>>> print(open('coords04.txt').read())   # compact mmCIF, C-alpha atoms
# COMPACT_ATOMS: atom_id res chain seq x y z
CA PRO H 165 0.00 0.00 0.00
CA GLU H 166 1.06 3.57 -0.66
CA GLU H 167 0.94 4.56 3.01
CA ARG H 168 3.22 1.71 3.98
CA ARG H 169 5.73 2.56 1.27
CA THR H 170 5.72 6.20 2.38
CA ALA H 171 6.24 5.22 6.04
CA THR H 172 9.10 2.91 5.06
CA LEU H 173 10.72 5.65 3.01
CA LEU H 174 10.43 8.15 5.85
CA ALA H 175 11.89 5.66 8.33
CA PHE H 176 14.77 4.95 5.94
CA ALA H 177 15.43 8.67 5.44
CA ARG H 178 15.40 9.29 9.17
CA ARG H 179 17.86 6.47 9.75
CA LEU H 180 20.15 7.88 7.08
CA GLU H 181 19.96 11.29 8.77
CA ALA H 182 20.80 9.71 12.13
CA LEU H 183 23.79 7.88 10.67
CA ALA H 184 25.01 11.04 8.95
CA GLN H 185 24.78 13.07 12.16
CA ASP H 186 26.50 10.32 14.12
CA ASP H 187 29.38 10.25 11.64
CA ALA H 188 29.66 14.04 11.68
CA LEU H 189 29.74 14.23 15.47
CA ASP H 190 32.19 11.33 15.71
CA VAL H 191 34.56 13.28 13.44
CA LEU H 192 33.94 16.51 15.39
CA PHE H 193 34.70 14.89 18.74
CA ALA H 194 37.85 13.20 17.39
CA LEU H 195 39.07 16.38 15.71
CA VAL H 196 38.58 18.61 18.76
CA SER H 197 40.18 15.92 20.95
CA GLU H 198 43.18 15.96 18.63
CA ILE H 199 43.68 19.73 18.50
CA VAL H 200 43.24 20.04 22.27
CA ALA H 201 45.78 17.25 22.84
CA MET H 202 48.21 18.88 20.41
CA SER H 203 47.75 22.22 22.16
CA LYS H 204 48.43 20.67 25.56
CA GLY H 205 51.57 19.02 24.16
CA ALA H 206 52.77 22.32 22.69
CA GLN H 207 52.11 24.08 26.00
CA LYS H 208 54.21 21.54 27.88
CA LYS H 209 57.08 21.91 25.41
CA GLU H 210 56.96 25.70 25.67
CA ARG H 211 56.83 25.48 29.46
CA PHE H 212 59.86 23.21 29.49
CA ARG H 213 61.73 25.51 27.09
CA THR H 214 61.21 28.60 29.23
CA ILE H 215 61.48 27.12 32.72
CA LYS H 216 65.16 28.07 33.16
CA ASP H 217 64.50 31.72 32.27
CA LEU H 218 61.49 31.73 34.59
CA ASP H 219 63.58 30.28 37.42
CA GLU H 220 66.28 32.91 36.93
CA ALA H 221 63.73 35.72 36.84
CA ALA H 222 61.94 34.41 39.93
CA LEU H 223 65.22 34.21 41.87
CA ALA H 224 66.13 37.79 40.90
CA LEU H 225 62.76 39.05 42.10
CA LYS H 226 63.07 36.96 45.28
CA GLU H 227 66.39 38.63 46.07
CA ALA H 228 64.75 42.03 45.70
CA VAL H 229 61.77 41.10 47.87
CA ASP H 230 64.05 39.56 50.53
CA ALA H 231 65.96 42.83 50.69
CA VAL H 232 62.77 44.86 51.05
CA PHE H 233 61.74 42.83 54.10
CA ASP H 234 65.19 42.82 55.70
CA HIS H 235 64.62 45.42 58.43
CA GLU H 236 68.26 45.25 59.56
CA LEU H 237 69.41 46.38 56.13
CA PHE H 238 66.56 48.77 55.49
CA PRO H 239 64.65 50.00 58.53
CA ASP H 240 61.26 51.63 58.10
CA THR H 241 62.88 55.06 58.16
CA PHE H 242 65.10 54.27 55.15
CA PRO H 243 64.39 56.78 52.30
CA LEU H 244 62.37 55.21 49.50
CA GLY H 245 64.54 56.60 46.71
CA ARG H 246 67.70 55.18 48.21
CA LEU H 247 65.89 51.90 48.93
CA ARG H 248 65.21 51.39 45.21
CA ASP H 249 68.84 52.11 44.34
CA GLU H 250 70.20 49.77 47.03
CA ILE H 251 67.87 46.93 46.05
CA SER H 252 68.82 47.32 42.39
CA LEU H 253 72.51 47.09 43.30
CA ARG H 254 72.02 44.06 45.55
CA SER H 255 69.92 42.30 42.87
CA GLY H 256 72.36 42.75 40.00
CA GLY H 257 71.28 46.16 38.78
CA ALA H 258 68.10 47.80 37.56
CA GLY H 259 68.51 46.13 34.18
CA ARG H 260 68.40 42.66 35.70
CA LEU H 261 65.26 43.47 37.69
CA SER H 262 63.59 44.97 34.62
CA TRP H 263 64.48 41.85 32.64
CA ALA H 264 63.13 39.60 35.40
CA LYS H 265 59.88 41.53 35.62
CA ALA H 266 59.40 41.40 31.85
CA LYS H 267 60.28 37.70 31.67
CA VAL H 268 57.76 36.75 34.35
CA ALA H 269 55.09 38.76 32.56
CA GLU H 270 55.96 37.01 29.29
CA VAL H 271 56.21 33.42 30.53
CA ALA H 272 54.08 33.04 33.65
CA ARG H 273 50.37 32.33 33.28
CA PRO H 274 47.49 32.54 35.71
CA PRO H 275 47.07 29.20 37.53
CA GLU H 276 43.70 28.54 35.93
CA GLU H 277 45.13 28.69 32.39
CA ASP H 278 46.74 25.77 30.61
CA HIS H 279 46.79 25.28 26.83
CA GLN H 280 44.43 28.05 25.69
CA GLU H 281 47.06 30.21 23.97
CA GLU H 282 48.34 27.20 22.03
CA LEU H 283 44.79 26.28 21.04
CA LEU H 284 44.35 29.79 19.63
CA ALA H 285 47.22 29.03 17.27
CA ARG H 286 44.99 26.34 15.72
CA TRP H 287 42.16 28.73 14.90
CA ARG H 288 42.39 28.06 11.17
CA THR H 289 41.54 24.41 11.72
CA ALA H 290 38.44 25.29 13.74
CA ARG H 291 37.45 28.10 11.37
CA ALA H 292 37.37 25.62 8.48
CA PHE H 293 34.47 23.61 9.95
CA LEU H 294 32.80 25.65 12.70
CA PRO H 295 30.40 27.76 10.56
CA ASP H 296 29.18 24.67 8.66
CA LEU H 297 28.79 22.73 11.90
CA LEU H 298 26.66 25.47 13.42
CA ALA H 299 24.53 25.75 10.28
CA SER H 300 23.88 22.03 9.87
CA VAL H 301 23.66 20.55 13.39
CA GLU H 302 21.01 21.53 15.93
CA PHE H 303 22.19 20.62 19.42
CA GLY H 304 19.96 19.94 22.38
CA GLY H 305 21.10 19.37 25.92
CA THR H 306 20.51 19.08 29.61
CA VAL H 307 20.10 22.02 31.96
CA ALA H 308 23.79 21.75 32.82
CA ALA H 309 24.68 22.47 29.18
CA GLY H 310 22.48 25.56 28.94
CA HIS H 311 25.42 27.95 28.78
CA VAL H 312 26.97 25.95 25.92
CA LEU H 313 23.74 25.87 23.92
CA GLU H 314 23.28 29.61 24.47
CA ALA H 315 26.75 30.32 23.11
CA LEU H 316 26.20 28.01 20.11
CA ASP H 317 22.94 29.80 19.30
CA TYR H 318 24.77 33.13 19.43
CA LEU H 319 27.63 31.92 17.20
CA ARG H 320 25.09 30.55 14.72
CA GLY H 321 24.11 34.15 13.95
CA VAL H 322 27.66 35.47 13.57
CA ASP H 323 28.78 36.88 10.22
CA TRP H 324 31.86 34.75 9.65
CA SER H 325 32.87 36.79 6.60
CA SER H 326 33.44 39.85 8.79
CA ARG H 327 37.05 40.97 9.25
CA SER H 328 36.40 42.34 12.72
CA PRO H 329 38.40 40.52 15.40
CA TYR H 330 35.64 41.17 17.93
CA LEU H 331 32.12 40.03 18.73
CA ARG H 332 29.57 42.07 20.67
CA GLY H 333 26.83 40.92 23.00
CA ALA H 334 28.10 37.35 23.29
CA PRO H 335 26.61 35.38 26.21
CA PRO H 336 29.33 35.39 28.88
CA ALA H 337 28.37 32.26 30.86
CA VAL H 338 30.33 29.89 28.61
CA VAL H 339 33.59 31.75 29.29
CA GLY H 340 35.32 29.95 32.14
CA LYS H 341 38.33 31.19 34.08
CA ALA H 342 40.75 29.45 31.76
CA TRP H 343 39.56 31.49 28.76
CA ARG H 344 38.55 34.77 30.40
CA ARG H 345 41.81 36.68 29.95
CA LEU H 346 41.96 35.78 26.25
CA VAL H 347 38.27 36.29 25.52
CA VAL H 348 37.80 39.70 27.12
CA ALA H 349 38.76 42.15 24.39
CA ASP H 350 40.66 44.58 26.63
CA GLY H 351 42.77 41.71 27.97
CA SER H 352 41.89 42.53 31.57
CA GLY H 353 39.82 39.44 32.24
CA ASN H 354 37.55 41.53 34.45
CA ALA H 355 34.34 39.87 35.51
CA ALA H 356 31.02 41.17 34.27
CA LYS H 357 28.95 43.56 36.33
CA SER H 358 25.96 42.41 38.32
CA ASN H 359 23.77 42.91 35.25
CA GLY H 360 25.93 40.48 33.28
CA HIS H 361 27.68 43.10 31.14
CA ARG H 362 30.86 45.15 31.16
CA ASP H 363 31.19 48.72 29.96
CA ASP H 364 32.77 47.32 26.78
CA ASP H 365 30.97 44.14 25.79
CA ARG H 366 33.43 43.21 23.04
CA VAL H 367 34.99 39.77 23.12
CA ASP H 368 37.76 38.32 21.00
CA ARG H 369 36.11 36.41 18.15
CA GLN H 370 38.63 33.59 17.93
CA ALA H 371 39.03 33.05 21.66
CA TYR H 372 35.28 33.08 22.28
CA ALA H 373 34.60 30.62 19.45
CA LEU H 374 37.38 28.26 20.54
CA GLY H 375 36.34 28.48 24.18
CA THR H 376 32.79 27.58 23.17
CA LEU H 377 34.06 24.72 20.99
CA GLU H 378 36.09 23.33 23.88
CA ALA H 379 33.07 23.66 26.19
CA LEU H 380 30.98 21.79 23.59
CA HIS H 381 33.62 19.05 23.48
CA GLU H 382 33.49 18.67 27.25
CA ALA H 383 29.67 18.62 27.19
CA MET H 384 29.77 15.92 24.50
CA ARG H 385 32.17 13.90 26.63
CA GLY H 386 29.76 14.14 29.56
CA ARG H 387 26.73 13.41 27.32
CA GLU H 388 25.21 16.74 28.36
CA VAL H 389 24.50 17.67 24.72
CA PHE H 390 22.83 15.54 22.09
CA VAL H 391 21.24 15.63 18.66
CA GLU H 392 18.16 14.08 17.12
CA PRO H 393 17.87 11.86 15.18
CA SER H 394 20.94 9.95 16.28
CA GLU H 395 21.97 6.55 17.56
CA ARG H 396 25.32 7.32 19.21
CA TRP H 397 24.74 10.97 20.20
CA SER H 398 21.06 10.94 21.16
CA ASP H 399 19.59 11.96 24.50
CA PRO H 400 20.85 9.30 26.97
CA ARG H 401 18.10 9.97 29.49
>>> encode(input="coords04.txt", output="structure tokens")
Amino acid sequence: PEERRTATLLAFARRLEALAQDDALDVLFALVSEIVAMSKGAQKKERFRTIKDLDEAALALKEAVDAVFDHELFPDTFPLGRLRDEISLRSGGAGRLSWAKAKVAEVARPPEEDHQEELLARWRTARAFLPDLLASVEFGGTVAAGHVLEALDYLRGVDWSSRSPYLRGAPPAVVGKAWRRLVVADGSGNAAKSNGHRDDDRVDRQAYALGTLEALHEAMRGREVFVEPSERWSDPR
């Protein structure tokens, strides 16, 4: 009968759609896993390469701080101008302290950050598939993944042909501590005001997109996001 043939065709088409989405998400999960792992490996290599300079800079700054708190050398009544000069001399000169300060600023990272800067270097890889992914896959999720889904919905409306390095009005909840310094456009990493916004609501386009992609990857790992129809990535509840 015609109705049975139509129902069979629809069921077949739906299964094909489920298989196609499963294959696409399998590739997505594997690809993001790979670029995150590569970024973590690059971060460790860079950390190892710079650890000697960081040690030397930290020791130079420690010598200066030790001198500041040595009340026998410099009592509270010691003139501030002379204190700076004496500490510079005892720490190898003003040039050494300036170098140490600059080196720490260059190499040291906030404790909550790990591989995010190295992941930014792989933006071209993510840029090649992210717009198509957002246009073709509709994600659902649990309440715990609400911030990820909100960010994906926002990115779905982004003009990817724009040359602007910034986005405006992006939902901030997806930006965790590890990405905050890189995402906030002024580089300050300042938290939003009580109303959820800063005076300047710009965010770095690449950092925000990659932070959202990494959050999506983690939500996929925890089965907090899903798609329909699907066999391997459907709602597990």
>>> closest_residue(input="coords04.txt", among="H:Glu227, H:Asp368, H:Glu276, H:Glu198", to="H:Ala290", atoms="all atoms listed in the file")
H:Glu198
>>> atom_distance(input="coords04.txt", atom1="atom CA of H:Gly304", atom2="atom CA of H:Glu392")
8.1 Å
>>> residues_around(input="coords04.txt", residues="H:Glu250", least_positions_apart="6", cutoff="12 Å", atoms="only C-alpha atoms", output="PyMOL selection string")
chain H and resi 227-228+231-232+237-238+242-244+256-258
>>> atom_distance(input="coords04.txt", atom1="atom CA of H:Ala379", atom2="atom CA of H:Phe212")
27.0 Å
>>> atom_distance(input="coords04.txt", atom1="atom CA of H:Asp278", atom2="atom CA of H:Gln207")
7.3 Å
>>> residues_around(input="coords04.txt", residues="H:Leu261", least_positions_apart="3", cutoff="10 Å", atoms="only C-alpha atoms", output="PDB file with C-alpha atoms, keeping the file's coordinate frame")
ATOM      1  CA  ALA H 221      63.730  35.720  36.840  1.00  0.00           C
ATOM      2  CA  ALA H 222      61.940  34.410  39.930  1.00  0.00           C
ATOM      3  CA  ALA H 224      66.130  37.790  40.900  1.00  0.00           C
ATOM      4  CA  LEU H 225      62.760  39.050  42.100  1.00  0.00           C
ATOM      5  CA  GLU H 227      66.390  38.630  46.070  1.00  0.00           C
ATOM      6  CA  ALA H 228      64.750  42.030  45.700  1.00  0.00           C
ATOM      7  CA  ILE H 251      67.870  46.930  46.050  1.00  0.00           C
ATOM      8  CA  SER H 252      68.820  47.320  42.390  1.00  0.00           C
ATOM      9  CA  LEU H 253      72.510  47.090  43.300  1.00  0.00           C
ATOM     10  CA  SER H 255      69.920  42.300  42.870  1.00  0.00           C
ATOM     11  CA  GLY H 256      72.360  42.750  40.000  1.00  0.00           C
ATOM     12  CA  GLY H 257      71.280  46.160  38.780  1.00  0.00           C
ATOM     13  CA  ALA H 258      68.100  47.800  37.560  1.00  0.00           C
ATOM     14  CA  ALA H 264      63.130  39.600  35.400  1.00  0.00           C
ATOM     15  CA  LYS H 265      59.880  41.530  35.620  1.00  0.00           C
ATOM     16  CA  ALA H 266      59.400  41.400  31.850  1.00  0.00           C
ATOM     17  CA  LYS H 267      60.280  37.700  31.670  1.00  0.00           C
TER      18      LYS H 267
END
>>> closest_atom_pairs(input="coords04.txt", of="stretch 245-337 of chain H", to="stretch 184-193 of chain H", cutoff="9 Å", atoms="all atoms listed in the file", output="JSON lines")
{"residue": "H:Phe293", "atom": "CA", "partner": "H:Leu192", "partner_atom": "CA", "distance": 9.0}
{"residue": "H:Leu297", "atom": "CA", "partner": "H:Ala188", "partner_atom": "CA", "distance": 8.7}
{"residue": "H:Val301", "atom": "CA", "partner": "H:Gln185", "partner_atom": "CA", "distance": 7.7}
>>> residues_around(input="coords04.txt", residues="H:Leu319", least_positions_apart="2", cutoff="10 Å", atoms="all atoms listed in the file", output="MDAnalysis selection string")
chainID H and resid 294:295 298:299 313:317 321:324 331 334:335 369 372:373 376
>>> residues_near_point(input="coords04.txt", point="(26.0, 12.7, 24.1)", cutoff="7 Å", atoms="all atoms listed in the file", output="PyMOL selection string")
chain H and resi 384-390+397-400
>>> build_atoms(input="coords04.txt", residues="stretch 364-383 of chain H", atoms="N, CA, C and O atoms", output="CSV table (one decimal), keeping the file's coordinate frame")
chain,number,residue,atom,x,y,z
H,364,ASP,N,32.5,47.7,28.2
H,364,ASP,CA,32.8,47.3,26.8
H,364,ASP,C,32.5,45.8,26.6
H,364,ASP,O,33.1,45.0,27.2
H,365,ASP,N,31.4,45.5,25.9
H,365,ASP,CA,31.0,44.1,25.8
H,365,ASP,C,31.6,43.4,24.6
H,365,ASP,O,31.2,42.3,24.2
H,366,ARG,N,32.7,43.9,24.1
H,366,ARG,CA,33.4,43.2,23.0
H,366,ARG,C,34.1,42.0,23.6
H,366,ARG,O,34.6,42.0,24.7
H,367,VAL,N,34.2,40.9,22.8
H,367,VAL,CA,35.0,39.8,23.1
H,367,VAL,C,35.8,39.4,21.9
H,367,VAL,O,35.4,39.7,20.7
H,368,ASP,N,36.9,38.8,22.1
H,368,ASP,CA,37.8,38.3,21.0
H,368,ASP,C,37.0,37.2,20.3
H,368,ASP,O,36.7,36.2,20.9
H,369,ARG,N,36.9,37.4,19.0
H,369,ARG,CA,36.1,36.4,18.2
H,369,ARG,C,36.7,35.0,18.2
H,369,ARG,O,36.0,34.0,18.5
H,370,GLN,N,38.0,34.9,18.0
H,370,GLN,CA,38.6,33.6,17.9
H,370,GLN,C,38.6,32.9,19.3
H,370,GLN,O,38.3,31.7,19.4
H,371,ALA,N,39.0,33.6,20.3
H,371,ALA,CA,39.0,33.0,21.7
H,371,ALA,C,37.6,32.6,22.1
H,371,ALA,O,37.5,31.5,22.7
H,372,TYR,N,36.6,33.4,21.9
H,372,TYR,CA,35.3,33.1,22.3
H,372,TYR,C,34.8,31.8,21.5
H,372,TYR,O,34.2,30.9,22.2
H,373,ALA,N,35.0,31.8,20.2
H,373,ALA,CA,34.6,30.6,19.4
H,373,ALA,C,35.3,29.4,19.9
H,373,ALA,O,34.7,28.3,20.0
H,374,LEU,N,36.6,29.4,20.1
H,374,LEU,CA,37.4,28.3,20.5
H,374,LEU,C,37.0,27.8,22.0
H,374,LEU,O,37.0,26.6,22.3
H,375,GLY,N,36.8,28.8,22.8
H,375,GLY,CA,36.3,28.5,24.2
H,375,GLY,C,35.0,27.8,24.2
H,375,GLY,O,34.8,26.8,24.9
H,376,THR,N,34.1,28.2,23.3
H,376,THR,CA,32.8,27.6,23.2
H,376,THR,C,33.0,26.2,22.6
H,376,THR,O,32.3,25.2,23.0
H,377,LEU,N,33.8,26.0,21.6
H,377,LEU,CA,34.1,24.7,21.0
H,377,LEU,C,34.6,23.7,22.0
H,377,LEU,O,34.2,22.6,22.1
H,378,GLU,N,35.5,24.2,22.9
H,378,GLU,CA,36.1,23.3,23.9
H,378,GLU,C,35.0,23.0,24.9
H,378,GLU,O,35.0,21.8,25.4
H,379,ALA,N,34.2,23.9,25.3
H,379,ALA,CA,33.1,23.7,26.2
H,379,ALA,C,32.1,22.7,25.6
H,379,ALA,O,31.6,21.8,26.3
H,380,LEU,N,31.8,22.8,24.3
H,380,LEU,CA,31.0,21.8,23.6
H,380,LEU,C,31.6,20.4,23.6
H,380,LEU,O,30.9,19.4,23.9
H,381,HIS,N,32.9,20.3,23.4
H,381,HIS,CA,33.6,19.0,23.5
H,381,HIS,C,33.5,18.4,24.8
H,381,HIS,O,33.2,17.2,25.0
H,382,GLU,N,33.6,19.2,25.9
H,382,GLU,CA,33.5,18.7,27.2
H,382,GLU,C,32.1,18.2,27.5
H,382,GLU,O,31.8,17.2,28.2
H,383,ALA,N,31.1,19.0,27.0
H,383,ALA,CA,29.7,18.6,27.2
H,383,ALA,C,29.3,17.3,26.4
H,383,ALA,O,28.5,16.5,26.9
